[in-house]
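S.K.: Okay, so here is model_24.cif, and as you'll see once you scroll down, it has mmCIF, C-alpha atoms.
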data_coords
loop_
_atom_site.label_atom_id
_atom_site.label_comp_id
_atom_site.auth_asym_id
_atom_site.auth_seq_id
_atom_site.Cartn_x
_atom_site.Cartn_y
_atom_site.Cartn_z
CA MET A 1 70.98 147.41 83.21
CA ASN A 2 67.49 145.88 82.93
CA LEU A 3 64.45 147.43 84.58
CA GLU A 4 64.07 144.81 87.32
CA ARG A 5 67.64 145.25 88.51
CA PHE A 6 67.32 149.06 88.38
CA LEU A 7 64.20 149.01 90.55
CA ALA A 8 65.82 146.54 92.97
CA ARG A 9 68.82 148.84 93.43
CA ARG A 10 66.57 151.83 94.10
CA LEU A 11 64.58 149.84 96.64
CA HIS A 12 67.78 148.60 98.31
CA LYS A 13 69.12 152.15 98.65
CA SER A 14 65.81 153.40 100.03
CA GLU A 15 65.74 150.58 102.60
CA LYS A 16 69.06 151.80 104.03
CA ASN A 17 67.56 155.17 104.94
CA ASN A 18 63.99 154.48 106.03
CA ARG A 19 62.81 153.54 109.50
CA ARG A 20 59.85 151.39 108.62
CA VAL A 21 59.24 147.78 109.56
CA SER A 22 61.28 146.39 106.69
CA ARG A 23 64.55 147.96 107.83
CA PRO A 24 64.97 145.74 110.94
CA ALA A 25 63.94 142.74 108.82
CA VAL A 26 66.65 143.55 106.28
CA ILE A 27 69.26 143.93 109.04
CA ILE A 28 68.23 140.58 110.56
CA ALA A 29 68.38 138.92 107.14
CA GLU A 30 71.87 140.31 106.49
CA ALA A 31 72.98 139.25 109.98
CA GLY A 32 71.62 135.74 109.43
CA VAL A 33 73.49 135.38 106.15
CA ALA A 34 76.68 136.79 107.71
CA LEU A 35 76.43 134.44 110.70
CA GLY A 36 75.74 131.41 108.54
CA LEU A 37 78.61 132.07 106.14
CA CYS A 38 80.99 132.95 108.97
CA VAL A 39 80.31 129.61 110.69
CA MET A 40 80.64 127.76 107.37
CA ILE A 41 84.04 129.32 106.66
CA ILE A 42 85.34 128.56 110.14
CA THR A 43 84.01 124.99 109.95
CA ILE A 44 85.69 124.30 106.61
CA CYS A 45 89.01 125.90 107.55
CA VAL A 46 89.19 124.08 110.89
CA SER A 47 88.13 120.69 109.50
CA LEU A 48 90.65 120.92 106.66
CA GLY A 49 93.33 121.93 109.15
CA PHE A 50 92.54 118.97 111.40
CA LYS A 51 92.46 116.43 108.59
CA HIS A 52 95.61 117.57 106.83
CA GLN A 53 97.76 118.21 109.91
CA ILE A 54 96.89 114.89 111.55
CA ARG A 55 97.30 113.10 108.24
CA SER A 56 100.67 114.75 107.66
CA LYS A 57 101.85 113.62 111.11
CA VAL A 58 100.85 110.01 110.46
CA ILE A 59 102.54 110.11 107.05
CA GLY A 60 105.60 111.75 108.62
CA PHE A 61 106.01 108.73 110.89
CA ASN A 62 105.11 106.06 108.33
CA SER A 63 105.04 107.48 104.76
CA HIS A 64 102.22 106.88 102.26
CA ILE A 65 102.75 103.25 101.24
CA HIS A 66 104.52 100.35 103.00
CA VAL A 67 106.12 97.31 101.51
CA SER A 68 106.90 94.50 103.95
CA SER A 69 106.34 90.83 104.62
CA PHE A 70 102.87 89.77 105.72
CA GLU A 71 104.18 88.90 109.22
CA SER A 72 105.75 92.36 109.64
CA ALA A 73 102.41 94.02 108.91
CA THR A 74 100.99 92.63 112.17
CA SER A 75 104.01 92.85 114.49
CA TYR A 76 107.06 95.01 115.18
CA GLU A 77 109.07 91.78 115.64
CA SER A 78 109.82 91.70 111.96
CA THR A 79 110.27 89.02 109.37
CA PRO A 80 112.70 90.54 106.89
CA ILE A 81 112.33 91.16 103.19
CA VAL A 82 115.16 91.62 100.74
CA ALA A 83 115.35 95.27 99.64
CA ASP A 84 118.58 95.67 97.72
CA ASP A 85 119.57 98.56 95.45
CA SER A 86 117.86 97.00 92.42
CA LEU A 87 114.47 96.86 94.17
CA CYS A 88 114.77 100.41 95.51
CA SER A 89 115.80 101.69 92.06
CA LEU A 90 112.84 99.90 90.48
CA LEU A 91 110.38 101.48 92.94
CA SER A 92 111.95 104.92 92.46
CA THR A 93 111.25 104.83 88.73
CA LEU A 94 107.48 104.32 89.15
CA GLU A 95 105.20 107.23 88.31
CA GLY A 96 104.30 109.47 91.23
CA VAL A 97 106.94 108.05 93.61
CA GLU A 98 108.93 110.78 95.39
CA ARG A 99 111.10 108.77 97.76
CA VAL A 100 111.92 105.19 98.72
CA GLN A 101 113.42 104.58 102.16
CA ARG A 102 114.26 101.35 103.95
CA TYR A 103 113.71 100.75 107.65
CA ALA A 104 113.98 98.05 110.30
CA THR A 105 112.34 97.77 113.72
CA LYS A 106 113.10 96.08 117.02
CA PRO A 107 110.95 96.18 120.20
CA GLY A 108 112.92 96.84 123.37
CA LEU A 109 113.12 98.41 126.82
CA PHE A 110 114.82 101.58 128.00
CA ARG A 111 116.26 101.45 131.51
CA VAL A 112 117.22 104.46 133.63
CA GLY A 113 117.88 103.54 137.25
CA ASP A 114 114.90 101.50 138.35
CA GLU A 115 112.64 102.86 135.59
CA PHE A 116 111.80 100.80 132.50
CA LEU A 117 109.99 101.99 129.39
CA GLY A 118 108.90 99.92 126.39
CA PHE A 119 109.57 101.29 122.91
CA VAL A 120 110.19 100.34 119.29
CA LEU A 121 113.62 101.10 117.92
CA LYS A 122 113.29 102.12 114.28
CA GLY A 123 116.44 102.03 112.18
CA VAL A 124 116.58 104.23 109.10
CA GLY A 125 119.05 104.46 106.22
CA GLU A 126 120.92 107.31 104.58
CA GLU A 127 118.06 107.91 102.13
CA TYR A 128 115.62 108.63 104.99
CA ASP A 129 113.87 112.03 104.86
CA PHE A 130 114.33 113.66 108.27
CA SER A 131 112.42 116.86 107.40
CA PHE A 132 109.38 115.78 109.43
CA PHE A 133 111.40 115.17 112.61
CA SER A 134 113.45 118.32 112.00
CA ASP A 135 110.23 120.37 112.08
CA TYR A 136 109.34 118.96 115.51
CA LEU A 137 112.85 118.75 116.97
CA LYS A 138 113.06 120.36 120.43
CA GLU A 139 116.66 119.61 121.40
CA GLY A 140 119.79 118.20 119.78
CA SER A 141 120.22 117.15 116.17
CA VAL A 142 118.69 114.58 113.83
CA ASP A 143 121.83 114.35 111.69
CA SER A 144 123.68 112.49 114.43
CA VAL A 145 121.36 109.51 114.00
CA LEU A 146 123.11 108.61 110.74
CA HIS A 147 126.46 110.37 110.98
CA ALA A 148 127.60 109.02 114.33
CA GLN A 149 129.98 106.08 114.38
CA LYS A 150 128.87 102.57 115.41
CA GLY A 151 125.18 103.50 115.25
CA ASN A 152 124.98 104.31 118.95
CA GLN A 153 122.89 107.50 118.67
CA VAL A 154 119.15 107.56 119.26
CA LEU A 155 116.44 110.16 118.71
CA VAL A 156 113.72 109.94 121.39
CA SER A 157 110.44 111.72 121.97
CA ARG A 158 109.65 114.31 124.61
CA ILE A 159 107.26 111.84 126.25
CA MET A 160 110.08 109.30 126.66
CA ALA A 161 112.51 111.96 127.87
CA ASP A 162 110.06 113.23 130.51
CA LYS A 163 109.17 109.75 131.76
CA LEU A 164 112.82 108.75 132.10
CA ASP A 165 114.13 112.23 133.03
CA ILE A 166 116.81 112.17 130.35
CA HIS A 167 118.42 114.88 128.20
CA VAL A 168 120.53 115.20 125.06
CA GLY A 169 123.91 113.56 125.66
CA ASP A 170 122.65 111.11 128.29
CA ARG A 171 123.42 107.43 127.81
CA LEU A 172 120.61 104.89 127.87
CA GLU A 173 120.75 101.21 128.71
CA THR A 174 118.52 99.36 126.28
CA TYR A 175 117.45 95.72 126.41
CA PHE A 176 116.07 93.49 123.66
CA ILE A 177 114.47 90.25 124.74
CA GLU A 178 114.65 87.21 122.48
CA ASN A 179 115.75 83.76 123.61
CA THR A 180 118.25 85.70 125.70
CA ILE A 181 118.43 89.30 126.82
CA ARG A 182 120.64 91.48 124.63
CA ALA A 183 121.85 94.86 125.90
CA ARG A 184 122.97 97.97 124.05
CA ARG A 185 124.08 101.38 125.27
CA LEU A 186 122.72 104.29 123.23
CA THR A 187 123.35 108.03 123.51
CA VAL A 188 120.48 110.51 123.17
CA CYS A 189 121.29 112.80 120.22
CA GLY A 190 117.95 114.62 120.02
CA ILE A 191 114.45 114.99 121.42
CA TYR A 192 111.37 115.49 119.23
CA ASP A 193 107.77 116.32 120.11
CA THR A 194 105.08 116.00 117.43
CA GLY A 195 102.19 116.11 119.90
CA PHE A 196 100.97 112.79 118.47
CA GLY A 197 101.05 110.73 121.64
CA ASP A 198 100.19 107.37 120.03
CA PHE A 199 103.42 107.50 118.03
CA ASP A 200 105.60 109.72 120.23
CA GLU A 201 105.49 107.29 123.13
CA LEU A 202 106.39 104.39 120.85
CA PHE A 203 109.16 105.22 118.37
CA ALA A 204 112.85 106.00 118.86
CA LEU A 205 115.07 106.42 115.78
CA THR A 206 118.58 105.15 115.18
CA ASP A 207 120.81 103.97 112.33
CA LEU A 208 119.52 101.17 110.08
CA GLY A 209 122.70 99.13 110.49
CA ALA A 210 122.31 99.04 114.27
CA VAL A 211 118.86 97.44 114.06
CA GLN A 212 119.96 95.05 111.33
CA SER A 213 122.75 93.94 113.65
CA LEU A 214 120.32 93.42 116.52
CA ASN A 215 118.09 91.33 114.24
CA ARG A 216 121.12 89.45 112.86
CA TRP A 217 120.24 90.49 109.30
CA ASP A 218 122.59 91.30 106.46
CA SER A 219 122.73 94.70 104.75
CA THR A 220 120.01 93.85 102.19
CA GLU A 221 117.44 92.63 104.74
CA VAL A 222 114.97 95.14 106.20
CA ALA A 223 111.62 95.15 107.94
CA GLY A 224 110.09 97.13 105.09
CA VAL A 225 110.27 99.93 102.60
CA GLU A 226 108.42 103.22 102.99
CA ILE A 227 107.31 104.90 99.77
CA GLY A 228 106.33 108.56 99.54
CA ILE A 229 104.16 109.78 96.66
CA ASP A 230 103.56 113.25 95.26
CA ASP A 231 99.74 113.25 95.28
CA TYR A 232 97.73 111.86 98.20
CA ASP A 233 94.55 111.76 96.10
CA GLU A 234 96.17 109.04 93.96
CA LEU A 235 97.09 106.87 96.96
CA SER A 236 95.02 103.84 95.93
CA LEU A 237 96.20 104.01 92.32
CA ARG A 238 99.87 104.22 93.30
CA ALA A 239 99.47 101.34 95.77
CA TYR A 240 97.93 99.20 93.03
CA GLU A 241 100.75 100.00 90.60
CA ILE A 242 103.40 99.28 93.23
CA GLY A 243 101.70 96.00 94.17
CA ARG A 244 101.54 94.90 90.53
CA THR A 245 105.21 95.76 90.00
CA LEU A 246 106.26 93.89 93.14
CA ASP A 247 104.24 90.83 92.14
CA GLU A 248 106.23 90.63 88.90
CA TYR A 249 109.50 91.31 90.70
CA GLY A 250 108.72 88.78 93.45
CA ASN A 251 107.81 86.04 90.96
CA ALA A 252 111.12 86.57 89.21
CA HIS A 253 113.08 86.39 92.50
CA SER A 254 110.97 83.71 94.28
CA THR A 255 109.81 86.02 97.05
CA SER A 256 106.63 87.85 98.05
CA TYR A 257 105.81 91.34 99.27
CA PHE A 258 102.87 92.78 101.17
CA VAL A 259 101.71 96.31 100.21
CA GLN A 260 99.65 98.52 102.52
CA THR A 261 98.57 102.15 102.32
CA ILE A 262 98.75 104.44 105.34
CA GLU A 263 94.94 104.31 105.54
CA GLU A 264 94.97 100.51 105.73
CA GLN A 265 97.59 100.60 108.48
CA ASN A 266 95.59 103.08 110.59
CA PRO A 267 91.92 102.36 109.81
CA ASN A 268 90.51 103.70 113.08
CA LEU A 269 92.31 107.03 112.80
CA PHE A 270 91.27 107.63 109.21
CA ALA A 271 87.71 106.52 109.99
CA TRP A 272 87.64 109.23 112.67
CA LEU A 273 88.86 111.78 110.12
CA ASP A 274 86.12 110.68 107.73
CA VAL A 275 83.53 111.34 110.43
CA LEU A 276 84.64 114.98 110.33
CA ASN A 277 83.27 115.18 106.79
CA VAL A 278 79.83 114.18 108.04
CA ASN A 279 79.98 116.82 110.77
CA VAL A 280 80.99 119.47 108.25
CA TRP A 281 78.03 118.67 105.98
CA VAL A 282 75.61 118.77 108.91
CA ILE A 283 76.91 122.19 110.01
CA LEU A 284 76.82 123.56 106.44
CA LEU A 285 73.21 122.47 105.96
CA LEU A 286 72.14 123.89 109.33
CA MET A 287 73.80 127.24 108.64
CA LEU A 288 72.31 127.36 105.15
CA GLY A 289 68.93 126.76 106.75
CA VAL A 290 69.46 129.61 109.23
CA ALA A 291 70.51 131.99 106.48
CA GLY A 292 67.66 130.90 104.21
CA PHE A 293 65.04 131.28 106.95
CA THR A 294 66.10 134.84 107.80
CA VAL A 295 66.25 135.89 104.14
CA ILE A 296 62.83 134.37 103.40
CA SER A 297 61.36 136.19 106.41
CA GLY A 298 62.91 139.46 105.25
CA LEU A 299 61.63 138.99 101.70
CA LEU A 300 58.06 138.33 102.85
CA ILE A 301 58.11 141.43 105.05
CA LEU A 302 59.44 143.51 102.14
CA ILE A 303 56.72 142.23 99.80
CA LEU A 304 53.98 142.95 102.34
CA GLU A 305 55.31 146.44 103.00
CA LYS A 306 55.68 147.20 99.29
CA THR A 307 52.17 146.17 98.28
CA GLN A 308 51.38 149.67 96.97
CA PHE A 309 54.59 149.63 94.92
CA ILE A 310 53.60 146.23 93.53
CA GLY A 311 50.07 147.46 92.80
CA VAL A 312 51.39 150.46 90.84
CA LEU A 313 53.70 148.25 88.78
CA LYS A 314 50.84 145.90 87.97
CA ALA A 315 48.58 148.81 87.08
CA LEU A 316 51.27 149.98 84.65
CA GLY A 317 51.26 146.57 83.02
CA SER A 318 54.20 144.78 84.67
CA PRO A 319 53.69 140.98 84.74
CA ASN A 320 54.11 138.96 87.93
CA VAL A 321 57.34 137.40 86.65
CA SER A 322 58.95 140.83 86.20
CA ILE A 323 57.92 141.99 89.68
CA ARG A 324 59.19 138.75 91.23
CA LYS A 325 62.54 139.39 89.56
CA VAL A 326 62.66 142.81 91.21
CA PHE A 327 62.36 141.25 94.66
CA LEU A 328 64.76 138.43 93.83
CA TRP A 329 67.34 141.03 92.78
CA LEU A 330 66.63 142.94 95.98
CA SER A 331 67.15 139.75 97.99
CA ALA A 332 70.40 139.09 96.13
CA TYR A 333 71.69 142.52 97.21
CA ILE A 334 70.74 141.78 100.81
CA ILE A 335 72.38 138.34 100.65
CA GLY A 336 75.49 139.81 99.01
CA ARG A 337 75.89 142.41 101.74
CA GLY A 338 75.50 139.73 104.42
CA MET A 339 78.02 137.48 102.66
CA LEU A 340 80.53 140.34 102.51
CA TRP A 341 80.40 140.72 106.29
CA GLY A 342 80.41 136.94 106.74
CA ASN A 343 83.62 136.66 104.73
CA ILE A 344 85.29 139.53 106.56
CA ILE A 345 84.46 138.15 110.01
CA GLY A 346 84.99 134.45 109.19
CA LEU A 347 88.28 134.86 107.32
CA GLY A 348 89.48 137.41 109.87
CA LEU A 349 88.90 135.06 112.80
CA CYS A 350 90.57 132.19 110.92
CA ALA A 351 93.59 134.37 110.07
CA ILE A 352 93.97 135.42 113.71
CA GLN A 353 93.92 131.77 114.84
CA LYS A 354 96.27 130.63 112.08
CA TYR A 355 98.98 133.17 112.81
CA THR A 356 98.64 133.45 116.59
CA GLY A 357 97.39 130.03 117.76
CA LEU A 358 95.07 131.91 120.12
CA ILE A 359 92.81 128.92 120.93
CA PRO A 360 94.84 126.01 122.39
CA LEU A 361 94.04 122.29 122.40
CA ASP A 362 95.10 119.39 124.57
CA PRO A 363 97.51 117.29 122.43
CA LYS A 364 96.62 114.18 124.45
CA ASN A 365 93.07 114.30 123.12
CA TYR A 366 93.36 116.09 119.77
CA TYR A 367 96.98 115.34 118.70
CA LEU A 368 97.47 119.09 118.14
CA ASP A 369 98.42 121.91 120.49
CA CYS A 370 96.09 124.54 118.98
CA VAL A 371 93.09 124.74 116.65
CA PRO A 372 94.48 124.24 113.12
CA ILE A 373 93.44 126.44 110.21
CA GLU A 374 93.89 125.78 106.50
CA PHE A 375 92.70 128.10 103.74
CA ASN A 376 91.52 126.33 100.60
CA TRP A 377 90.66 129.28 98.36
CA PRO A 378 88.98 127.38 95.50
CA LEU A 379 86.75 125.63 98.04
CA LEU A 380 85.93 128.91 99.84
CA ILE A 381 85.05 130.58 96.55
CA LEU A 382 82.83 127.61 95.68
CA LEU A 383 81.20 127.92 99.12
CA ASN A 384 80.37 131.59 98.47
CA VAL A 385 78.95 130.90 95.02
CA GLY A 386 76.97 127.92 96.27
CA MET A 387 75.50 129.85 99.19
CA LEU A 388 74.46 132.75 96.95
CA VAL A 389 72.79 130.45 94.42
CA ALA A 390 71.11 128.29 97.08
CA SER A 391 69.84 131.30 99.05
CA VAL A 392 68.33 132.97 95.99
CA ALA A 393 66.86 129.64 94.83
CA MET A 394 65.08 129.24 98.19
CA LEU A 395 63.32 132.57 97.55
CA ILE A 396 61.70 131.58 94.25
CA ILE A 397 58.64 129.96 95.85
CA PRO A 398 58.10 132.66 98.56
CA SER A 399 58.31 135.35 95.87
CA GLN A 400 55.09 133.95 94.38
CA LEU A 401 53.29 136.00 97.04
CA VAL A 402 53.56 138.84 94.51
CA SER A 403 50.93 137.13 92.34
CA LYS A 404 48.41 137.28 95.24
CA ILE A 405 48.46 141.08 95.34
CA TYR A 406 45.77 142.72 93.13
CA PRO A 407 45.96 146.39 92.04
CA SER A 408 42.20 146.92 92.52
CA ARG A 409 42.47 146.14 96.23
CA VAL A 410 45.76 147.91 96.90
CA LEU A 411 45.05 151.18 95.05
CA GLN A 412 41.37 151.71 95.86
CA PHE A 413 42.24 153.84 98.91
CA GLU A 414 45.00 155.87 97.22
#
What would the structure in this file look like if it were written as structure tokens?

M.R.:
Amino acid sequence: MNLERFLARRLHKSEKNNRRVSRPAVIIAEAGVALGLCVMIITICVSLGFKHQIRSKVIGFNSHIHVSSFESATSYESTPIVADDSLCSLLSTLEGVERVQRYATKPGLFRVGDEFLGFVLKGVGEEYDFSFFSDYLKEGSVDSVLHAQKGNQVLVSRIMADKLDIHVGDRLETYFIENTIRARRLTVCGIYDTGFGDFDELFALTDLGAVQSLNRWDSTEVAGVEIGIDDYDELSLRAYEIGRTLDEYGNAHSTSYFVQTIEEQNPNLFAWLDVLNVNVWVILLLMLGVAGFTVISGLLILILEKTQFIGVLKALGSPNVSIRKVFLWLSAYIIGRGMLWGNIIGLGLCAIQKYTGLIPLDPKNYYLDCVPIEFNWPLLILLNVGMLVASVAMLIIPSQLVSKIYPSRVLQFE
């Protein structure tokens, strides 16, 4: 251990036991660091939770990448594309692609008594991944959507069920308006509730063949293909590769395909999520400023109170740089103690919220029923390291006060 660090440790231990002016300053500095880090941890965990949970819900409804006709991208009254087994097999072989699932849509009306409710009937095939809807299923079963005969089963949302006062097993009259009105009778096989009102009040799921029949399409015609990938960070790259592959395939088969990412389909929603990043940076900078201000104040008070100690060191031949290092090490100990308490309090509060859902939210406004928490340990470790380095760096200039203290003035009355 070098001399500067040894002296800093001795000073830090002595500060814990004395009752002079510097002790309250040290406590305030530690509290400022703890408060700042605690708020930073909560901000990061909550913002990550919001972004990833909302993003996962949007992807659960729509998948990462969509392939459709250009007309289908702007309307639920679809213009079909041909998606036979050869196309689906081709897409499945591309790097990073986890699943390929076909779908078809048809706008319609539910009727119960005198009540009518608009919706979009989404037909899905046997390859469809129902894990998302299974996680949010409140009643019934999702398997019946595909396994029932004649495609007469439908999965509806809790919002639809409450508005129409229907339950699992009830039969619904549905109407589809084209040149003439076409009617179908569907049976409710399940009720889901994702808390994402924009989608919950819109989509009802049924068998792909039923919607193809309503649209008068054959078995190879669909509204589009949903493609799931294994790494969201490579979304743009995978979309480009899929688009290039489909251009070659379309040229060979005299057809065209339109490729969109989930971000391009929902620009307003993802723009709102991007705004969260700006808010996070603002909060981090403010909290770093609070912590830095309290630590700088504490350091200045310590230097002024330890002028005799500084004078003795200078009289013994210690250079200003060495004495500054002593106080920087002392500040690092104070910052470290504050960060320890900041981590304990911040991570503790986040853990309580994550496992108990103590603080609720209104799903109509936030799309979630409680404040979400996500722990990203590499990012939290980086936050701790960054705060320690930044806080100590902010003390380099204030520590120059040491050079203004002269032994002849300090020790003349000793």

S.K.: When the PyMOL selection byres ((chain A and resi 7) around 12) is applied to the file above, which residues end up in the set, as a list in words?

M.R.: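 So the PyMOL selection byres ((chain A and resi 7) around 12), applied here, picks out Met1, Asn2, Leu3, Glu4, Arg5, Phe6, Ala8, Arg9, Arg10, Leu11, His12, Lys13, Ser14, Phe309, Ile310, Leu313, Ser322, Ile323, Arg324, Lys325, Val326, Phe327, Leu328, Trp329, Leu330 and Tyr333 of chain A.
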
S.K.: Could you tell me, as a list in words, exactly which residues end up selected when the PyMOL selection byres ((chain A and resi 95) around 12) is applied to this structure?

M.R.: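 What the PyMOL selection byres ((chain A and resi 95) around 12) grabs from the file is Leu90, Leu91, Ser92, Thr93, Leu94, Gly96, Val97, Glu98, Arg99, Ile227, Gly228, Ile229, Asp230, Asp231, Glu234, Leu235, Leu237, Arg238, Ala239, Tyr240, Glu241, Ile242 and Thr245 of chain A.
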
S.K.: Within 6 Å of (95.9, 125.6, 121.6) (coordinates as in the file), grab all the protein and nucleic acid residues, counting only C-alpha atoms, and write them out as a list in words.

M.R.: Ile359, Pro360, Leu361, Asp369, Cys370 and Val371 of chain A

S.K.: Please report the interatomic distance between CA of Lys138 in chain A and CA of Leu186 in chain A in Å with one decimal.

M.R.: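 These two atoms are separated by 19.0 Å.
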
S.K.: One decimal, in Å: what's the spacing between CA of Ser63 in chain A and CA of Ser131 in chain A?

M.R.: 12.2 Å

S.K.: Please evaluate the PyMOL selection byres ((chain A and resi 265-274) around 9) against the displayed coordinates and give the resulting residues as a ChimeraX atom specification.

M.R.: /A:47,50-51,54-55,58,66,73,260-264,275-278

S.K.: For range 79-88 of chain A, list every protein, DNA or RNA residue within 10 Å, evaluated using all atoms listed in the file, and leave out those in the same chain fewer than 3 positions away; present the list as a PyMOL selection string.

M.R.: chain A and resi 67-73+75-76+91-93+99-105+212+215+217-225+227+246+249-250+253+255-258

S.K.: Keeping only C-alpha atoms, write the selected residues as a compact mmCIF listing (two decimals), in the coordinates of the input.

M.R.:
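The new file out26.txt reads:
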# COMPACT_ATOMS: atom_id res chain seq x y z
CA VAL A 67 106.12 97.31 101.51
CA SER A 68 106.90 94.50 103.95
CA SER A 69 106.34 90.83 104.62
CA PHE A 70 102.87 89.77 105.72
CA GLU A 71 104.18 88.90 109.22
CA SER A 72 105.75 92.36 109.64
CA ALA A 73 102.41 94.02 108.91
CA SER A 75 104.01 92.85 114.49
CA TYR A 76 107.06 95.01 115.18
CA LEU A 91 110.38 101.48 92.94
CA SER A 92 111.95 104.92 92.46
CA THR A 93 111.25 104.83 88.73
CA ARG A 99 111.10 108.77 97.76
CA VAL A 100 111.92 105.19 98.72
CA GLN A 101 113.42 104.58 102.16
CA ARG A 102 114.26 101.35 103.95
CA TYR A 103 113.71 100.75 107.65
CA ALA A 104 113.98 98.05 110.30
CA THR A 105 112.34 97.77 113.72
CA GLN A 212 119.96 95.05 111.33
CA ASN A 215 118.09 91.33 114.24
CA TRP A 217 120.24 90.49 109.30
CA ASP A 218 122.59 91.30 106.46
CA SER A 219 122.73 94.70 104.75
CA THR A 220 120.01 93.85 102.19
CA GLU A 221 117.44 92.63 104.74
CA VAL A 222 114.97 95.14 106.20
CA ALA A 223 111.62 95.15 107.94
CA GLY A 224 110.09 97.13 105.09
CA VAL A 225 110.27 99.93 102.60
CA ILE A 227 107.31 104.90 99.77
CA LEU A 246 106.26 93.89 93.14
CA TYR A 249 109.50 91.31 90.70
CA GLY A 250 108.72 88.78 93.45
CA HIS A 253 113.08 86.39 92.50
CA THR A 255 109.81 86.02 97.05
CA SER A 256 106.63 87.85 98.05
CA TYR A 257 105.81 91.34 99.27
CA PHE A 258 102.87 92.78 101.17

S.K.: So how far away is CA of Gly125 in chain A from CA of Lys106 in chain A, in Å?

M.R.: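 Spanning CA of Lys106 in chain A to CA of Gly125 in chain A is a straight-line distance of 14.9 Å.
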
S.K.: List the spatial neighbours of Val145 in chain A as a short mmCIF file (atom, residue, chain, number, x, y, z; two decimals) with C-alpha atoms, in the frame of the given file - criterion: any atom at most 7 Å away, only C-alpha atoms, same-chain residues fewer than 3 positions off excluded.

M.R.:
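File written: selection_14.cif
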data_model
loop_
_atom_site.label_atom_id
_atom_site.label_comp_id
_atom_site.auth_asym_id
_atom_site.auth_seq_id
_atom_site.Cartn_x
_atom_site.Cartn_y
_atom_site.Cartn_z
CA VAL A 142 118.69 114.58 113.83
CA ALA A 148 127.60 109.02 114.33
CA GLN A 153 122.89 107.50 118.67
CA VAL A 154 119.15 107.56 119.26
CA LEU A 155 116.44 110.16 118.71
CA THR A 206 118.58 105.15 115.18
CA ASP A 207 120.81 103.97 112.33
#
